[in-house]
Structure formats: structure tokens, C-alpha cells
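Reproduced below: input-v2.cif, with mmCIF, C-alpha atoms and all ligand atoms.
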```cif
data_structure
loop_
_atom_site.label_atom_id
_atom_site.label_comp_id
_atom_site.auth_asym_id
_atom_site.auth_seq_id
_atom_site.Cartn_x
_atom_site.Cartn_y
_atom_site.Cartn_z
CA MET A 1 0.00 0.00 0.00
CA PHE A 2 1.41 3.38 -1.03
CA GLN A 3 0.82 5.73 1.85
CA LEU A 4 0.97 9.49 1.52
CA LEU A 5 1.35 10.39 5.19
CA SER A 6 3.26 8.50 7.87
CA HIS A 7 2.26 10.15 11.13
CA LEU A 8 1.49 13.28 13.12
CA THR A 9 4.77 14.96 14.08
CA HIS A 10 3.93 18.18 15.89
CA LEU A 11 1.23 20.61 16.87
CA GLU A 12 1.43 24.36 17.32
CA VAL A 13 -1.00 25.46 20.02
CA THR A 14 -1.76 28.95 21.27
CA SER A 15 -2.07 30.18 24.81
CA PRO A 16 -2.86 33.62 26.24
CA ASP A 17 -0.16 32.93 28.83
CA VAL A 18 2.63 30.98 27.12
CA GLU A 19 4.82 30.80 30.23
CA ALA A 20 1.97 29.40 32.35
CA SER A 21 1.23 26.75 29.73
CA VAL A 22 4.93 25.90 29.35
CA ALA A 23 5.35 25.71 33.14
CA PHE A 24 2.54 23.17 33.22
CA TYR A 25 3.88 21.08 30.35
CA VAL A 26 7.34 21.04 31.95
CA ASP A 27 6.73 20.92 35.73
CA GLY A 28 3.33 19.27 35.71
CA PHE A 29 3.55 16.85 32.79
CA GLY A 30 7.26 16.19 32.22
CA LEU A 31 7.95 17.67 28.77
CA ARG A 32 11.20 19.55 28.09
CA VAL A 33 11.85 22.95 26.49
CA VAL A 34 14.23 22.60 23.53
CA ASP A 35 13.99 26.01 21.86
CA ARG A 36 12.42 29.45 21.97
CA ASP A 37 11.60 31.84 19.09
CA ALA A 38 11.92 35.62 19.09
CA ASP A 39 8.14 35.77 18.54
CA GLY A 40 7.53 34.15 21.94
CA SER A 41 6.95 30.58 20.76
CA VAL A 42 8.35 27.80 22.94
CA TYR A 43 9.27 24.37 21.52
CA LEU A 44 8.70 21.33 23.73
CA ARG A 45 9.44 17.64 23.42
CA CYS A 46 8.46 14.43 25.15
CA TRP A 47 11.35 12.12 26.03
CA GLY A 48 10.41 9.59 23.34
CA ASP A 49 9.67 11.98 20.46
CA TYR A 50 11.80 10.95 17.47
CA TYR A 51 12.18 14.51 16.16
CA PRO A 52 13.41 17.57 18.05
CA TYR A 53 9.98 18.75 19.25
CA SER A 54 6.30 17.80 19.14
CA VAL A 55 4.53 20.81 20.64
CA ILE A 56 5.01 24.53 19.99
CA VAL A 57 3.23 26.87 22.39
CA SER A 58 2.74 30.27 20.75
CA PRO A 59 1.14 33.47 22.01
CA GLY A 60 -2.56 33.84 21.19
CA ASP A 61 -5.78 35.29 22.52
CA GLY A 62 -6.92 31.91 23.82
CA PRO A 63 -6.47 28.18 23.33
CA SER A 64 -6.44 26.94 19.74
CA VAL A 65 -4.41 24.79 17.40
CA LYS A 66 -2.51 26.97 14.96
CA ASN A 67 -0.89 24.16 12.98
CA MET A 68 -1.01 20.37 12.71
CA ALA A 69 2.09 18.97 11.02
CA TRP A 70 2.33 15.55 9.38
CA ARG A 71 5.36 13.81 7.96
CA THR A 72 4.83 12.26 4.56
CA SER A 73 6.11 8.78 3.67
CA SER A 74 8.69 10.10 1.17
CA PRO A 75 9.70 13.26 -0.71
CA GLU A 76 7.57 12.08 -3.65
CA ALA A 77 4.57 11.58 -1.36
CA LEU A 78 4.86 15.23 -0.29
CA ASP A 79 4.51 16.41 -3.90
CA GLU A 80 1.71 13.91 -4.54
CA ALA A 81 -0.21 15.00 -1.42
CA ALA A 82 0.10 18.68 -2.35
CA ALA A 83 -1.08 17.94 -5.90
CA ARG A 84 -4.10 16.04 -4.58
CA ILE A 85 -5.02 18.90 -2.24
CA GLU A 86 -4.79 21.41 -5.08
CA ALA A 87 -6.86 19.11 -7.32
CA SER A 88 -9.55 19.08 -4.62
CA GLY A 89 -9.88 22.85 -5.01
CA ILE A 90 -7.80 23.98 -2.03
CA THR A 91 -4.78 26.20 -2.65
CA GLY A 92 -1.96 25.95 -0.15
CA ARG A 93 1.52 27.41 -0.09
CA TRP A 94 5.04 26.03 -0.07
CA SER A 95 7.71 27.06 2.43
CA GLU A 96 11.36 26.24 1.86
CA GLY A 97 11.88 25.36 5.50
CA ARG A 98 10.62 26.67 8.80
CA GLN A 99 10.57 25.64 12.43
CA GLY A 100 13.54 23.33 11.95
CA HIS A 101 12.17 21.09 9.21
CA GLY A 102 12.54 21.11 5.46
CA ARG A 103 10.34 22.16 2.56
CA SER A 104 6.69 22.01 3.53
CA TYR A 105 3.23 22.49 2.10
CA GLN A 106 0.77 24.41 4.29
CA PHE A 107 -2.95 24.41 3.65
CA VAL A 108 -6.24 25.00 5.41
CA GLY A 109 -8.52 21.98 5.24
CA PRO A 110 -12.15 22.21 4.08
CA TYR A 111 -13.41 22.74 7.64
CA GLY A 112 -10.86 25.43 8.49
CA HIS A 113 -8.04 23.40 10.05
CA PRO A 114 -4.47 24.59 9.37
CA MET A 115 -2.30 21.65 8.33
CA GLU A 116 1.28 21.26 7.15
CA LEU A 117 2.97 18.39 5.32
CA PHE A 118 6.71 17.85 5.04
CA TRP A 119 9.30 15.12 4.58
CA ASP A 120 12.69 16.47 5.66
CA ILE A 121 13.37 16.69 9.36
CA GLU A 122 16.32 15.74 11.52
CA ARG A 123 16.06 12.77 13.85
CA TYR A 124 16.61 13.80 17.45
CA ARG A 125 19.47 12.31 19.43
CA ALA A 126 20.30 13.80 22.83
CA SER A 127 24.03 14.27 23.26
CA ASP A 128 24.02 15.78 26.73
CA GLU A 129 22.93 14.61 30.15
CA ASN A 130 19.66 13.50 28.50
CA ALA A 131 21.34 10.84 26.33
CA SER A 132 19.88 7.34 26.69
CA ILE A 133 21.90 4.17 27.25
CA PHE A 134 19.63 2.46 24.65
CA PRO A 135 20.33 2.93 20.93
CA ASP A 136 16.72 3.37 19.78
CA ARG A 137 15.72 6.00 22.32
CA PRO A 138 16.10 9.63 21.24
CA GLU A 139 16.80 10.50 24.86
CA ARG A 140 16.70 8.86 28.25
CA ARG A 141 13.35 8.05 29.83
CA SER A 142 12.09 10.99 31.83
CA SER A 143 12.27 10.72 35.59
CA HIS A 144 9.10 12.83 35.86
CA ALA A 145 6.35 10.61 37.25
CA ALA A 146 3.73 11.93 34.80
CA ALA A 147 5.86 12.23 31.65
CA PRO A 148 4.27 10.94 28.42
CA ARG A 149 6.43 9.12 25.89
CA PHE A 150 5.38 11.02 22.76
CA LEU A 151 2.67 12.96 20.99
CA ASP A 152 -0.19 10.70 19.95
CA HIS A 153 -3.06 12.44 18.16
CA VAL A 154 -5.16 15.54 17.71
CA THR A 155 -8.96 15.73 17.76
CA VAL A 156 -10.56 18.67 15.99
CA ALA A 157 -14.16 19.87 15.64
CA ALA A 158 -16.06 20.22 12.36
CA ALA A 159 -19.61 21.01 11.32
CA ASP A 160 -19.92 17.73 9.36
CA VAL A 161 -18.09 14.76 10.86
CA ARG A 162 -18.64 12.43 7.89
CA GLY A 163 -17.81 15.15 5.37
CA PHE A 164 -14.58 15.85 7.26
CA CYS A 165 -13.58 12.18 7.40
CA GLU A 166 -14.46 11.56 3.77
CA TRP A 167 -12.36 14.50 2.55
CA TYR A 168 -9.24 13.39 4.47
CA ASN A 169 -9.83 9.82 3.31
CA ARG A 170 -10.33 10.74 -0.35
CA VAL A 171 -7.59 13.36 -0.68
CA LEU A 172 -4.89 12.21 1.75
CA ASP A 173 -5.65 8.47 2.18
CA PHE A 174 -6.40 8.59 5.89
CA ARG A 175 -8.31 5.39 6.77
CA ILE A 176 -11.66 6.04 8.44
CA MET A 177 -11.75 3.70 11.46
CA ALA A 178 -15.05 4.35 13.31
CA TYR A 179 -17.95 6.71 13.77
CA THR A 180 -20.17 7.49 16.74
CA THR A 181 -23.80 8.27 16.03
CA LEU A 182 -26.25 9.37 18.70
CA ASP A 183 -28.37 6.62 20.28
CA ASP A 184 -31.67 8.31 19.50
CA ALA A 185 -31.00 10.37 16.36
CA PRO A 186 -29.11 9.76 13.10
CA ILE A 187 -26.51 12.39 13.90
CA THR A 188 -22.81 11.50 13.63
CA VAL A 189 -20.98 13.19 16.48
CA PHE A 190 -17.50 11.64 16.29
CA GLY A 191 -15.15 10.05 13.80
CA VAL A 192 -11.59 8.73 13.88
CA LEU A 193 -8.99 8.54 11.10
CA THR A 194 -5.50 7.12 10.91
CA THR A 195 -2.40 7.30 8.74
CA ASN A 196 -0.88 4.17 10.29
CA GLU A 197 -1.65 1.15 12.48
CA LYS A 198 -3.01 3.16 15.40
CA SER A 199 -6.77 3.39 15.75
CA HIS A 200 -6.45 7.13 15.15
CA ASP A 201 -4.06 9.99 14.91
CA LEU A 202 -6.80 12.38 13.82
CA GLY A 203 -10.22 12.58 15.47
CA VAL A 204 -13.17 14.86 14.79
CA VAL A 205 -16.13 15.82 16.97
CA LEU A 206 -19.30 17.49 15.74
CA ASP A 207 -19.10 21.28 16.03
CA SER A 208 -22.34 23.15 16.52
CA SER A 209 -20.62 26.55 16.48
CA SER A 210 -19.98 28.60 13.37
CA ILE A 211 -16.26 28.93 14.15
CA PRO A 212 -14.11 27.05 11.61
CA GLY A 213 -10.94 25.13 12.43
CA ARG A 214 -11.58 24.42 16.09
CA VAL A 215 -9.79 21.80 18.17
CA ASN A 216 -11.25 19.62 20.92
CA HIS A 217 -8.05 18.17 22.42
CA ILE A 218 -4.46 17.20 21.85
CA ALA A 219 -3.24 13.80 23.06
CA PHE A 220 -0.02 12.20 24.25
CA TRP A 221 0.97 8.56 24.72
CA THR A 222 2.29 6.64 27.67
CA ASP A 223 3.51 3.04 27.63
CA SER A 224 1.10 1.39 30.06
CA ASP A 225 -2.25 1.72 31.76
CA THR A 226 -0.40 1.69 35.07
CA GLU A 227 1.59 4.77 34.08
CA LEU A 228 -1.59 6.51 32.93
CA VAL A 229 -3.32 5.89 36.24
CA ARG A 230 -0.22 7.11 38.07
CA THR A 231 -0.27 10.27 35.94
CA ALA A 232 -3.88 10.89 37.00
CA ASP A 233 -2.78 10.47 40.61
CA VAL A 234 0.21 12.82 40.25
CA LEU A 235 -1.88 15.48 38.47
CA MET A 236 -4.51 15.35 41.21
CA GLU A 237 -1.90 15.55 43.97
CA ASN A 238 -0.68 18.72 42.24
CA GLY A 239 -4.16 20.24 42.09
CA VAL A 240 -5.07 19.52 38.46
CA GLU A 241 -8.68 18.47 38.06
CA ILE A 242 -9.31 15.36 35.96
CA GLU A 243 -12.05 16.16 33.46
CA TYR A 244 -12.85 12.59 32.33
CA GLY A 245 -11.38 9.14 32.98
CA PRO A 246 -9.30 7.17 33.58
CA SER A 247 -11.31 4.60 31.68
CA ILE A 248 -11.18 2.79 28.32
CA HIS A 249 -12.72 3.97 25.06
CA GLY A 250 -14.72 1.38 23.12
CA ILE A 251 -13.50 2.97 19.89
CA GLY A 252 -9.78 2.22 19.63
CA GLU A 253 -9.78 0.54 23.06
CA GLN A 254 -7.28 3.02 24.47
CA THR A 255 -7.14 3.82 28.14
CA TYR A 256 -7.78 7.56 28.46
CA LEU A 257 -7.46 10.49 30.80
CA TYR A 258 -8.48 14.10 30.08
CA PHE A 259 -7.46 17.28 31.89
CA ARG A 260 -6.78 20.92 31.03
CA GLU A 261 -3.59 22.93 30.74
CA PRO A 262 -3.54 26.57 31.92
CA SER A 263 -4.85 28.00 28.61
CA ARG A 264 -7.82 25.65 29.29
CA LEU A 265 -6.93 23.59 26.22
CA ARG A 266 -7.93 19.98 26.83
CA VAL A 267 -5.06 17.48 26.98
CA GLU A 268 -5.54 13.71 26.79
CA LEU A 269 -3.22 10.91 27.78
CA ASN A 270 -3.65 7.54 26.04
CA SER A 271 -2.26 4.07 26.44
CA GLY A 272 -3.04 0.58 25.14
CA GLY A 273 -5.54 0.12 22.34
CA TYR A 274 -5.45 -2.11 19.31
CA ARG A 275 -3.40 -2.01 16.15
CA ASN A 276 -5.22 -2.24 12.86
CA TYR A 277 -3.40 -2.95 9.59
CA VAL A 278 -6.43 -3.76 7.43
CA PRO A 279 -6.04 -1.70 4.24
CA ASP A 280 -9.72 -1.86 3.27
CA TRP A 281 -11.17 -1.43 6.76
CA THR A 282 -14.70 -0.08 6.74
CA PRO A 283 -15.80 2.01 9.70
CA ASN A 284 -18.48 0.71 12.05
CA ASP A 285 -21.11 2.94 13.61
CA TRP A 286 -20.93 3.00 17.37
CA THR A 287 -23.31 4.77 19.71
CA PRO A 288 -22.65 5.98 23.25
CA ALA A 289 -24.83 3.11 24.53
CA THR A 290 -22.59 0.53 22.83
CA GLY A 291 -19.59 1.99 24.63
CA SER A 292 -17.97 4.34 22.12
CA ASN A 293 -16.65 6.59 24.90
CA SER A 294 -16.65 4.22 27.84
CA ILE A 295 -16.19 0.54 27.04
CA TYR A 296 -17.83 -0.39 30.35
CA ARG A 297 -21.03 1.46 29.36
CA ASN A 298 -21.39 2.75 32.87
CA SER A 299 -20.54 6.44 32.68
CA ALA A 300 -21.66 9.34 30.52
CA MET A 301 -19.14 11.76 29.09
CA PRO A 302 -19.32 15.07 30.99
CA MET A 303 -20.87 17.96 29.04
CA SER A 304 -17.69 19.98 29.49
CA MET A 305 -15.99 17.57 27.05
CA THR A 306 -17.99 19.08 24.19
CA GLU A 307 -16.17 22.41 24.61
CA SER A 308 -13.83 23.05 21.68
CA PHE A 309 -11.39 25.88 21.03
CA PRO A 310 -11.27 28.79 20.25
CA HIS A 311 -14.13 29.37 22.66
CA ASP A 312 -17.62 29.77 21.32
CA PRO A 313 -19.24 32.47 23.50
CA GLY A 314 -22.58 30.79 22.91
CA HIS A 315 -21.40 27.40 24.16
CA PRO A 316 -23.63 26.23 27.02
CA THR A 317 -20.71 25.10 29.18
CA ALA A 318 -18.80 28.38 29.02
CA THR A 319 -19.59 31.37 31.19
CA GLU A 320 -18.82 34.94 30.15
CA GLU A 321 -15.42 34.56 31.80
CA GLY A 322 -14.76 31.42 29.79
CA VAL A 323 -14.67 29.31 32.94
CA LEU A 324 -16.67 26.11 33.14
CA PRO A 325 -18.98 25.70 36.11
CA GLY A 326 -17.18 23.83 38.89
CA THR A 327 -13.77 24.03 37.25
CA GLU A 328 -12.34 27.28 38.52
CA GLU A 329 -8.93 28.14 37.19
CA ALA A 330 -6.97 27.80 40.42
CA LEU A 331 -8.49 24.41 41.04
CA LEU A 332 -7.86 23.34 37.48
CA ASN A 333 -4.25 24.19 37.47
CA PRO A 334 -1.85 25.58 40.04
CA TYR A 335 0.85 25.90 37.36
CA ALA A 336 -1.21 28.67 35.79
CA VAL A 337 -0.51 30.74 38.90
CA GLN A 338 3.07 29.60 39.42
CA GLY A 339 3.97 30.20 35.79
CA ARG A 340 3.09 33.86 35.99
CA GLY A 341 5.51 34.52 38.82
FE FE B 401 -8.49 11.62 21.88
#
```

If you took the structure in this file and wrote it as C-alpha cells, what would it be?
Amino acid sequence: MFQLLSHLTHLEVTSPDVEASVAFYVDGFGLRVVDRDADGSVYLRCWGDYYPYSVIVSPGDGPSVKNMAWRTSSPEALDEAAARIEASGITGRWSEGRQGHGRSYQFVGPYGHPMELFWDIERYRASDENASIFPDRPERRSSHAAAPRFLDHVTVAAADVRGFCEWYNRVLDFRIMAYTTLDDAPITVFGVLTTNEKSHDLGVVLDSSSIPGRVNHIAFWTDSDTELVRTADVLMENGVEIEYGPSIHGIGEQTYLYFREPSRLRVELNSGGYRNYVPDWTPNDWTPATGSNSIYRNSAMPMSMTESFPHDPGHPTATEEGVLPGTEEALLNPYAVQGRG
């Protein structure tokens, strides 16, 4: 099978308080700062990321995802992907190299999501006190109790879940892996896509707002369910409220945990799950009652989970201050306060 894209490599997120968000990612979650830009952007990596960074936190009015970057499977696949996007009616633009990687093609997807495709990037190999004793590891395992291994996926919001999935399937060969439709109405509220053997590296939730290009959450990976549960424990001990989980999704069968970083962007941690190599997989329709969110079918997803970013002022779970009921900022995240100091 000729694949255009190989995997998600990095995300650029925005925060109204970059230093507070970075303080959380570093002190609260175990990522490491590897670079800073003159424009105020901070580059972060997980200990197992194969390239120099996986998250860029940039200044912005509020939480959002400014860029989602994917590595193609070859230099030729980059040209082919760009040609397919242009043939679909979307015009992107080429850059000769930015943010430490090579030539890239940037475009805005049909539902307003900024994406970037590239091939050339250096493999990361720590040469300092972070060097690993093991040849395959880009750096030594973090000693931080909550540290994820690497970036896992991004879940966006779009006004038409099936339309979104079908475009990325048709134009860029993402496989559509599953849908969730409401139990009592024929409305598709969730879909997952993948470029590789994971159940998804791109998710999409139904967006009832009129704001294009929104994101619902970004997600990292940890090696075991035990580590994920320990991360939940460590976050709680440090005053971070757990929004949903730990539990196991029916779709993908990953163990999950959701919380917020100081910008209020939702962050997920995943572990486990199945691998799926079937080239002609056809997506099944799940419903919440069959366990799409919670495989045990014994808990409903909290309403706050439907909040996507940038904020929709009309969203029922957001107050005028942008704070969800019962999730006051200080309670949500002490690093937000510490980071401003
Ligand atoms: Fe997710």
C-alpha cells in the first residue's frame, strides 16, 4: 500500500499565557523545552519523540491549534499530497523550511483546520545529560512521574463529521476507522482517522458553532495503563482536576485520561488500544450506549468535554469569563498561577 502520510509529528497550540502553559507542560507533565523563538513561541518535546519537538506553544488570545504537522512517507509523497489537495480545489503554499524542518506544504482543510505536510526533518538524538543508554531511544526516559512518551493524536471539531472524514480519506488516504452516532437520532458526532496502524491519529467531533478550524483536544501517549493511572494520581496531587477518565474507550480501546492545561486547552493521555493494519477497513457505527466513549457502558461523558477551542461564546458550558462551572482556574491548574511569577 502506497501511503501518503506516515504520522502526526507536531502541533502548534496557542495560549494567552505561554509561560503558564509551558510551566505546566514542563513541571506538571514532564515535557522539556528545547527552543524558543523571538516571537515568543516555545518548543517542547516528550522524552520519546523521534524529532526535536512535538509541541510549539505560541502566544494567542486563547487556546487553539494553529498548525497540525504531518510527515509524509517520502519526498515524492509530499509532492503527490500537495497535488491532490490542489486538485480538490484547495490552494496551499510552499515554504522552503521553517521551524527546523525542510520544505513544507501548508494548507487550510475544508473545515478550516491549518495543516502542514513535510518530509525532511532531523532525527533527534540527545548528546548531553539527557542521552539514553539504549540505541533506539532519542533521549533517556524521563524521571518525571507523569511524563508521556510522545505525541499521539489531535482531535478537531467540524460542522460535518462524515464530510470531514471523507475529505481526508479521499484526498490524503487517511483510513476512516469508526464513527459514533447518537443513540436516539441519526446524527454522527464523532469520527476517527488514521495514517498508520493506530486506531487514530486524527479525530473529529461534531461542532455546533460557526467557528471554523476548532480543536477539541491534543493527546499524548504513555507506555502502560499503570503509568496513565499514576499520571492521573500525580496530576490530582498537584491540584489539576481530571475532566474525564481514567477509563477505556470502546473505539480504539485506548485507556484515556483528560485534563486541562492553563490555557484551558484539553489534553488527553492515552495508552493501550489495538493495532489495525487492514487496508480496506470499513468504519463501524458506534453509539454511546454501545460503549464508544466508555467501554464499560457505565458512565456518561461530561458535558464539558464538548467544549472546543477557540471558545464559542454561545457554548452552554462556558460562562462569560470562559470558565466552566465547577472548574475554577486555580483548582484546574496551580501551574497557571506559578507560571506567571
Ligand atoms: Fe483523543

Selection within 8 Å of ligand FE 401 (chain B) by only C-alpha atoms and all ligand atoms, output as JSON, numbers by chain: {"A": [153, 154, 155, 203, 217, 218, 219, 256, 268, 269, 270]}

Residues near Thr181 in chain A, cut-off 12 Å, all atoms listed in the file, skip fewer than 6 positions along chain, as number ranges by chain: A: 161-162, 187-191, 205-206, 283-293

For the residues in the current selection, export C-alpha atoms as a compact mmCIF listing (two decimals), in the coordinates of the input.
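Generated file (part_3.txt):
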```
# COMPACT_ATOMS: atom_id res chain seq x y z
CA VAL A 161 -18.09 14.76 10.86
CA ARG A 162 -18.64 12.43 7.89
CA ILE A 187 -26.51 12.39 13.90
CA THR A 188 -22.81 11.50 13.63
CA VAL A 189 -20.98 13.19 16.48
CA PHE A 190 -17.50 11.64 16.29
CA GLY A 191 -15.15 10.05 13.80
CA VAL A 205 -16.13 15.82 16.97
CA LEU A 206 -19.30 17.49 15.74
CA PRO A 283 -15.80 2.01 9.70
CA ASN A 284 -18.48 0.71 12.05
CA ASP A 285 -21.11 2.94 13.61
CA TRP A 286 -20.93 3.00 17.37
CA THR A 287 -23.31 4.77 19.71
CA PRO A 288 -22.65 5.98 23.25
CA ALA A 289 -24.83 3.11 24.53
CA THR A 290 -22.59 0.53 22.83
CA GLY A 291 -19.59 1.99 24.63
CA SER A 292 -17.97 4.34 22.12
CA ASN A 293 -16.65 6.59 24.90
```

Determine, for each residue of range 178-233 of chain A having at least one atom at most 12 Å from an atom of range 114-126 of chain A, the closest pair of atoms and their separation in Å to one decimal, counting all atoms listed in the file; order by chain and ascending number, as a Markdown table.
```
| residue | atom | partner | partner_atom | distance |
| --- | --- | --- | --- | --- |
| A:Leu202 | CA | A:Met115 | CA | 11.7 |
| A:Pro212 | CA | A:Pro114 | CA | 10.2 |
| A:Gly213 | CA | A:Pro114 | CA | 7.2 |
| A:Arg214 | CA | A:Pro114 | CA | 9.8 |
| A:Val215 | CA | A:Pro114 | CA | 10.7 |
```

Just C-alpha atoms for this one: save the residues we selected as a compact mmCIF listing (two decimals), in the frame of the given file.
```txt
# COMPACT_ATOMS: atom_id res chain seq x y z
CA LEU A 202 -6.80 12.38 13.82
CA PRO A 212 -14.11 27.05 11.61
CA GLY A 213 -10.94 25.13 12.43
CA ARG A 214 -11.58 24.42 16.09
CA VAL A 215 -9.79 21.80 18.17
```

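Environment of (12.5, 9.3, 21.5): residues at most 7 Å away, judged by all atoms listed in the file, are Trp47, Gly48, Asp49, Tyr50, Arg137, Pro138 and Glu139 of chain A.
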
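With distances taken over all atoms listed in the file, A:Gln99 is the one residue among A:Gln99, A:Thr91, A:Ser271, A:Ser308 lying closest to Asn67 in chain A.
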